[in-house]
Amino acid sequence: MVNGGSESGSICSVSREDNMAVSSEDSSSPDESELELGLGLSLGGGSKMHQASKCGQYARILTAQDFPSSSPSPSSSSSSFSLSRANVTAGTKRTADSVAAAANGSCQVVGWPPIRAYRMNSMVNQAKASFTEGFNSTTMENRRKETSMVENSTIGSYHSSGNTNASRTSLFVKVKMDGIPIGRKVDLNASESYEKLAKSLEEMFPETAPGANPAGSTARQHDVTNKTTRHSKLLDGSSDFVLTYEDKEGDWMLVGDVPWEMFRSLVKRLRIMRKSEAAGLAPGSEARNQRQRRKPM
Amino acid sequence: MHKKMAFSFPDEVLEHVFSFIQSDKDRNSVSMVCKSWYEIERYCRRKVFVGNCYAVSPRMVIRRFPEFRSIELKGKPHFADFNLVPDGWGGYVFPWIAEMAGALPWLEEIKLKRMVVTDESLELIAKSFKNFKVLVLSSCEGFSTDGLAAIAATCKNLKELDLRDCEGDDLGWHWLSYFPDTYTSLVSLNISCLGSDEVSFSALERLVGRCTNLRTLRLNRAVPLDKIANILRHAPQLVEFGTGSYTADLRPDIYSDLAGAFSSCKELKSLSGFWDVVPAYLPAIYPVCSKLTSLNLSYATLQSSDLIKLVSHCPNLQRLLVLDYIEDSGLEALASICNDLQELRVFPSDPFGVEPNVSLTEQGLVAVSSGCPKLQSVLYFCRQMSNEALVTIAKNRPNFTRFRLCIIEPTTADYLTLEPLDVGFGAIVQYCKDLQRLSLSGLLTDRVFEYIGTYAKKLEMLSIAFAGDGDLGLHHVLSGCESLRKLEIRDCPFGDKALLANAEKLETMRSLWMSSCAVSFGACKLLGQKMPRLNVEVIDERGPPDSRPESCPVDKLYIYRTLVGPRFDMPPFVWTMEDDPSLQQLSRANLM
């Protein structure tokens, strides 16, 4: 047991005395050679001291003197991480969920401001209500509350009730691929066409289009020529998979059967289906699939 | 001769005494007094709280407390609320239900937060627990109304079904009809998060009508305004009510119907909903306003003048959630009218706009802190702040227990002096000695963490974003905040040093989240190796962290204490830092 001093057993909180003891040791004995402990633990006997040697920087008990004095600027002097605004995007995952160049120019970050997705959905859908044209056939005015399916991200600004400024909204829909337990989300508004959407999905799920992307690229492709010279395998039928979507009526349809703009307002979620399973679907068909018991991830 | 302890009562007496002790902390203390008290207490513990479902296994919990009736479980880290935790991370409740199904047939309550709840789990709950009474799902996902139908059909003694902020698949309202006609025990129903338009009003009205003990009813947006009057008339005993879409064509008959229905609800204390609100219909609720203690207008896009008018009818408000349309003027009015206010949350109406769209500044918060002596919990989104205002607020309101300030643009300085907001937040932690929860924002250096480490001795949860200069900041927090249980950090230049120097501290906390910081993979490995009672999980969707140099920072890091070692349900983008490489293989097997 590495922590000699603390008790074990119940789920109750572990004694903190050990931690305090270590802190006081910190300030009184900064002698490097005697206290070559990697973790600031009171190992009380010098066991395992040299584990830390592989990462030499961890080899001492640290005192306040080790830490750089604070400066008002947000850039760090002790690590290579620098907190400039441009770098906020570095290290965030490069998928459709990550930062997009915001139309309104300010730096948009995933998950900031910290507003729950549930609340974001509701706010956007309220604003959208005044912009929606009725595509549905029900008698009730179509105020689509897609809170369970369509998730609007924190990227881009949305229309608030008084603000008619046309900044780009995000429209995240869930997408699941057969055989892959983890679902993802894709921003429909980041793609202006079926081709672009399909290509984003091929990047997200490389199994749909093996060999389509150059080796080693997991980052988002910024290469425009690459995108435009190659047709989407998902759409042209050469993939083993087809792209389908569930519409507002709950029917599963092949993607591509309606104009893109209409598709965007109809789609609830996407599924990348094995070709063999998609036999019942045809463009424009309203064949009602067996109700999906899959759960959104 | 047996030496009898002076306080050696028969077990039944001790059990009876213990039954008055409800809080987990006290129960835990009781169980530590001596072995016999430990034994007695564990058999009579009826409520179990597990703050992190991966800290312990269901089997262990059941072994220790074989007779509990109520369990509360939490799954994903808090930052999952803001899309920082990728889909598929974990938090599946099914293994817990499966274990409890056999061992605890008398289980009555299950409360879950940020967990994945499938229809299979719901069906198993319905099937396994004959006396099941309470299901609360808070920020959960993974289920559909099919699962709810199973609960409705089978749980004859169900009292509470509360779906708060969940992402469930709403396949239509027919699930409501699965409550048998003989079923009348519903006390609380919250379906505000369900999304379907396929509403069956008759099923709802019949249900509401026959459940005469119904006290809480929160409808979803699909319920139109003209249906509410009928529903309220079926349930005039309601204490808490959430409307649906609060909009209709302006018709006097609808209005008078509505106003009449509200007036008949003499017990109403809490209102929510108000999507798509049409101001002309607001006065319909005036008859109940004077008794209201809780009002959630956070979806109501009302302008300041309408909000002020409404609030002026509610002098007894204790809890208000509202959009920043209320503006400083509205908050000043609130401060003068609602002297009992304890909790205030102000949400942004346009979080991504570069220019402010409303006149809501730090002044609103200053006003409320001054005029509301009982205010203890605040969540406030705004665009500007000053140290001066924060110091004033702190001095006005030393009784804050929760202070969450979000200045919308990261690293915004004090707008008056252009300095960091260290001093302001420092005043908050210095004056508010009972502060339990704090969220920081704005331009902050390591100095604010020095203040926090020095003064925030009761702080249990701290949220940090875009702040600090280096490891010293983190070191202050980890070494100084004695009561810290949850620490969540994003986009801060905190690296390996502070983390490793305070490794032991992490075992005294529930969890630590760090994303977009500067913690290297090497440090994560070291921590994982050295601290067997911590799970050190690296979340990285770019690919395996060991495909990059060890000094490379990890994308996201989630560290939590656990009694059961690494979990077995990790998705491919989560790596656990382990002692034994072969163990790592095992943990990665996708045993969902």
# chains A, B, ... in the order shown; residues from 1 in each chain; ligands from 1
>>> residues_around(residues="stretch 173-177 of chain B", least_positions_apart="6", cutoff="12 Å", atoms="only C-alpha atoms", output="JSON, numbers by chain")
{"B": [144, 145, 146, 147, 148, 149, 150, 151, 152, 153, 154, 161, 183, 189, 191, 194, 195, 196, 197, 198, 199, 200, 201, 202, 203, 204, 205, 206, 207, 208, 219, 220, 222, 223]}
>>> write_last_selection(atoms="N, CA and C atoms", output="CSV table (one decimal), in the first residue's frame")
chain,number,residue,atom,x,y,z
B,144,SER,N,-36.5,5.5,-23.6
B,144,SER,CA,-37.6,6.0,-24.4
B,144,SER,C,-38.9,5.8,-23.6
B,145,THR,N,-40.0,6.3,-24.2
B,145,THR,CA,-41.3,6.2,-23.5
B,145,THR,C,-41.7,4.8,-23.4
B,146,ASP,N,-41.1,3.9,-24.2
B,146,ASP,CA,-41.4,2.5,-24.0
B,146,ASP,C,-41.1,2.0,-22.6
B,147,GLY,N,-39.9,2.4,-22.2
B,147,GLY,CA,-39.5,2.1,-20.8
B,147,GLY,C,-40.4,2.6,-19.8
B,148,LEU,N,-40.8,3.9,-20.0
B,148,LEU,CA,-41.7,4.5,-19.1
B,148,LEU,C,-43.0,3.8,-19.0
B,149,ALA,N,-43.4,3.2,-20.2
B,149,ALA,CA,-44.7,2.5,-20.2
B,149,ALA,C,-44.6,1.3,-19.3
B,150,ALA,N,-43.4,0.6,-19.3
B,150,ALA,CA,-43.3,-0.5,-18.4
B,150,ALA,C,-43.4,-0.2,-17.0
B,151,ILE,N,-42.8,1.0,-16.6
B,151,ILE,CA,-43.0,1.5,-15.2
B,151,ILE,C,-44.5,1.7,-14.9
B,152,ALA,N,-45.1,2.4,-15.8
B,152,ALA,CA,-46.5,2.8,-15.6
B,152,ALA,C,-47.4,1.6,-15.5
B,153,ALA,N,-47.1,0.6,-16.3
B,153,ALA,CA,-48.0,-0.5,-16.3
B,153,ALA,C,-47.9,-1.4,-15.1
B,154,THR,N,-46.7,-1.5,-14.5
B,154,THR,CA,-46.3,-2.5,-13.5
B,154,THR,C,-46.3,-2.0,-12.1
B,161,LEU,N,-42.6,10.1,-10.4
B,161,LEU,CA,-41.9,9.9,-11.6
B,161,LEU,C,-41.4,11.2,-12.1
B,183,TYR,N,-55.1,2.7,-11.0
B,183,TYR,CA,-53.9,3.3,-10.4
B,183,TYR,C,-54.2,4.7,-9.9
B,189,LEU,N,-45.3,14.0,-10.8
B,189,LEU,CA,-45.1,13.7,-12.2
B,189,LEU,C,-44.4,14.8,-12.9
B,191,ILE,N,-42.7,15.5,-16.5
B,191,ILE,CA,-42.4,15.0,-17.9
B,191,ILE,C,-42.0,16.2,-18.7
B,194,LEU,N,-39.9,15.7,-22.0
B,194,LEU,CA,-40.2,14.9,-23.2
B,194,LEU,C,-40.6,15.7,-24.3
B,195,GLY,N,-40.4,15.3,-25.5
B,195,GLY,CA,-40.4,16.2,-26.7
B,195,GLY,C,-41.5,16.0,-27.6
B,196,SER,N,-42.3,14.9,-27.5
B,196,SER,CA,-43.2,14.6,-28.6
B,196,SER,C,-44.4,15.5,-28.7
B,197,ASP,N,-44.8,15.7,-29.9
B,197,ASP,CA,-46.1,16.4,-30.1
B,197,ASP,C,-47.3,15.6,-30.0
B,198,GLU,N,-47.1,14.3,-30.0
B,198,GLU,CA,-48.3,13.4,-30.0
B,198,GLU,C,-48.8,13.3,-28.6
B,199,VAL,N,-49.7,14.2,-28.3
B,199,VAL,CA,-50.1,14.3,-26.9
B,199,VAL,C,-51.5,13.7,-26.8
B,200,SER,N,-51.7,13.0,-25.7
B,200,SER,CA,-53.0,12.4,-25.5
B,200,SER,C,-53.6,13.1,-24.2
B,201,PHE,N,-54.3,14.1,-24.5
B,201,PHE,CA,-54.8,14.9,-23.3
B,201,PHE,C,-55.8,14.1,-22.5
B,202,SER,N,-56.6,13.3,-23.2
B,202,SER,CA,-57.6,12.6,-22.4
B,202,SER,C,-56.9,11.6,-21.4
B,203,ALA,N,-55.9,11.0,-21.9
B,203,ALA,CA,-55.1,10.1,-20.9
B,203,ALA,C,-54.6,10.9,-19.8
B,204,LEU,N,-54.0,12.0,-20.1
B,204,LEU,CA,-53.4,12.9,-19.0
B,204,LEU,C,-54.5,13.3,-18.1
B,205,GLU,N,-55.6,13.8,-18.6
B,205,GLU,CA,-56.7,14.3,-17.7
B,205,GLU,C,-57.2,13.2,-16.9
B,206,ARG,N,-57.4,12.1,-17.4
B,206,ARG,CA,-58.0,11.0,-16.6
B,206,ARG,C,-57.0,10.6,-15.5
B,207,LEU,N,-55.7,10.6,-15.9
B,207,LEU,CA,-54.7,10.2,-14.9
B,207,LEU,C,-54.7,11.2,-13.7
B,208,VAL,N,-54.7,12.5,-14.1
B,208,VAL,CA,-54.6,13.6,-13.1
B,208,VAL,C,-55.9,13.6,-12.3
B,219,LEU,N,-45.6,19.7,-16.8
B,219,LEU,CA,-45.9,19.3,-18.2
B,219,LEU,C,-44.8,19.7,-19.1
B,220,ASN,N,-44.9,19.2,-20.3
B,220,ASN,CA,-43.9,19.6,-21.3
B,220,ASN,C,-44.5,20.6,-22.3
B,222,ALA,N,-45.4,20.5,-25.2
B,222,ALA,CA,-46.4,20.1,-26.2
B,222,ALA,C,-47.8,20.4,-25.7
B,223,VAL,N,-47.9,20.6,-24.4
B,223,VAL,CA,-49.3,20.9,-23.9
B,223,VAL,C,-49.6,22.3,-24.1
>>> select_by_dssp(residues="stretch 199-300 of chain B", states="strand (DSSP E)", output="JSON, numbers by chain")
{"B": [216, 217, 218, 240, 241, 242, 270, 271, 272, 294, 295, 296, 297]}
>>> closest_residue(among="B:Asp276, B:Asp569, B:Glu99, B:Glu67", to="chain A", atoms="only C-alpha atoms")
B:Asp276
>>> closest_residue(among="B:Ser349, B:Ser463, B:Ser483, B:Ser263", to="B:Gln303", atoms="only C-alpha atoms")
B:Ser349
>>> atom_distance(atom1="atom CA of B:Tyr246", atom2="atom CA of B:Val358")
22.9 Å
>>> interface_residues(of="chain B", to="chain A", cutoff="6 Å", atoms="only C-alpha atoms", output="number ranges by chain")
B: 81-83, 88, 142, 167-169, 195, 352, 408, 445-446, 469-470, 472, 493, 500-501, 508, 518, 555
>>> closest_residue(among="A:Arg264, A:Lys196, A:Arg269, A:Arg274", to="A:Asp240", atoms="only C-alpha atoms")
A:Arg274
>>> closest_residue(among="A:Val186, A:Met262, A:Val255, A:Val242", to="A:Glu207", atoms="only C-alpha atoms")
A:Val242
>>> residues_around(residues="stretch 233-239 of chain A", least_positions_apart="2", cutoff="8 Å", atoms="only C-alpha atoms", output="JSON, numbers by chain")
{"A": [195, 198, 202, 208, 209, 231, 241, 242, 243, 256]}
>>> atom_distance(atom1="atom CA of B:Cys406", atom2="atom CA of B:Leu365")
12.1 Å
>>> select_by_dssp(residues="stretch 219-292 of chain B", states="alpha helix (DSSP H)", output="PyMOL selection string")
chain B and resi 225-234+252-263+286-289
>>> atom_distance(atom1="atom CA of B:Ile308", atom2="atom CA of B:Thr216")
26.3 Å
>>> residues_around(residues="B:Phe381", least_positions_apart="3", cutoff="12 Å", atoms="only C-alpha atoms", output="VMD selection string")
(chain A and resid 112 to 115) or (chain B and resid 321 to 325 327 344 to 351 356 358 360 to 362 364 to 365 378 384 to 385 403 to 409 439 to 442)
>>> decode(residues="stretch 123-137 of chain B", atoms="N, CA, C and O atoms", output="mmCIF file, in the first residue's frame")
data_model
loop_
_atom_site.group_PDB
_atom_site.id
_atom_site.type_symbol
_atom_site.label_atom_id
_atom_site.label_comp_id
_atom_site.auth_asym_id
_atom_site.auth_seq_id
_atom_site.Cartn_x
_atom_site.Cartn_y
_atom_site.Cartn_z
ATOM 1 N N GLU B 123 -37.412 -1.576 -17.573
ATOM 2 C CA GLU B 123 -38.254 -2.780 -17.527
ATOM 3 C C GLU B 123 -37.851 -3.679 -16.369
ATOM 4 O O GLU B 123 -38.700 -4.251 -15.684
ATOM 5 N N LEU B 124 -36.555 -3.753 -16.135
ATOM 6 C CA LEU B 124 -36.092 -4.581 -15.020
ATOM 7 C C LEU B 124 -36.529 -3.996 -13.681
ATOM 8 O O LEU B 124 -36.893 -4.729 -12.758
ATOM 9 N N ILE B 125 -36.502 -2.691 -13.575
ATOM 10 C CA ILE B 125 -36.991 -2.049 -12.354
ATOM 11 C C ILE B 125 -38.454 -2.405 -12.126
ATOM 12 O O ILE B 125 -38.863 -2.812 -11.034
ATOM 13 N N ALA B 126 -39.229 -2.266 -13.196
ATOM 14 C CA ALA B 126 -40.666 -2.523 -13.065
ATOM 15 C C ALA B 126 -40.925 -3.955 -12.628
ATOM 16 O O ALA B 126 -41.793 -4.228 -11.790
ATOM 17 N N LYS B 127 -40.124 -4.852 -13.169
ATOM 18 C CA LYS B 127 -40.351 -6.272 -12.918
ATOM 19 C C LYS B 127 -39.885 -6.710 -11.534
ATOM 20 O O LYS B 127 -40.445 -7.631 -10.942
ATOM 21 N N SER B 128 -38.840 -6.049 -11.032
ATOM 22 C CA SER B 128 -38.144 -6.602 -9.867
ATOM 23 C C SER B 128 -38.592 -6.073 -8.516
ATOM 24 O O SER B 128 -38.398 -6.750 -7.513
ATOM 25 N N PHE B 129 -39.139 -4.887 -8.503
ATOM 26 C CA PHE B 129 -39.381 -4.264 -7.199
ATOM 27 C C PHE B 129 -40.873 -4.033 -7.016
ATOM 28 O O PHE B 129 -41.446 -3.104 -7.562
ATOM 29 N N LYS B 130 -41.470 -4.910 -6.208
ATOM 30 C CA LYS B 130 -42.930 -4.923 -6.111
ATOM 31 C C LYS B 130 -43.488 -3.694 -5.456
ATOM 32 O O LYS B 130 -44.638 -3.331 -5.669
ATOM 33 N N ASN B 131 -42.689 -3.058 -4.624
ATOM 34 C CA ASN B 131 -43.196 -1.911 -3.901
ATOM 35 C C ASN B 131 -42.541 -0.613 -4.373
ATOM 36 O O ASN B 131 -42.393 0.332 -3.610
ATOM 37 N N PHE B 132 -42.175 -0.616 -5.646
ATOM 38 C CA PHE B 132 -41.412 0.515 -6.150
ATOM 39 C C PHE B 132 -42.228 1.794 -6.120
ATOM 40 O O PHE B 132 -43.374 1.810 -6.560
ATOM 41 N N LYS B 133 -41.614 2.880 -5.609
ATOM 42 C CA LYS B 133 -42.402 4.087 -5.390
ATOM 43 C C LYS B 133 -41.860 5.325 -6.089
ATOM 44 O O LYS B 133 -42.607 6.195 -6.505
ATOM 45 N N VAL B 134 -40.518 5.456 -6.129
ATOM 46 C CA VAL B 134 -39.975 6.736 -6.563
ATOM 47 C C VAL B 134 -38.895 6.534 -7.606
ATOM 48 O O VAL B 134 -37.919 5.832 -7.364
ATOM 49 N N LEU B 135 -39.068 7.160 -8.758
ATOM 50 C CA LEU B 135 -38.032 7.158 -9.792
ATOM 51 C C LEU B 135 -37.744 8.598 -10.183
ATOM 52 O O LEU B 135 -38.602 9.298 -10.699
ATOM 53 N N VAL B 136 -36.501 9.013 -9.894
ATOM 54 C CA VAL B 136 -36.089 10.361 -10.267
ATOM 55 C C VAL B 136 -34.899 10.237 -11.202
ATOM 56 O O VAL B 136 -33.875 9.690 -10.834
ATOM 57 N N LEU B 137 -35.059 10.706 -12.415
ATOM 58 C CA LEU B 137 -33.966 10.690 -13.390
ATOM 59 C C LEU B 137 -33.607 12.130 -13.702
ATOM 60 O O LEU B 137 -34.407 12.868 -14.264
#
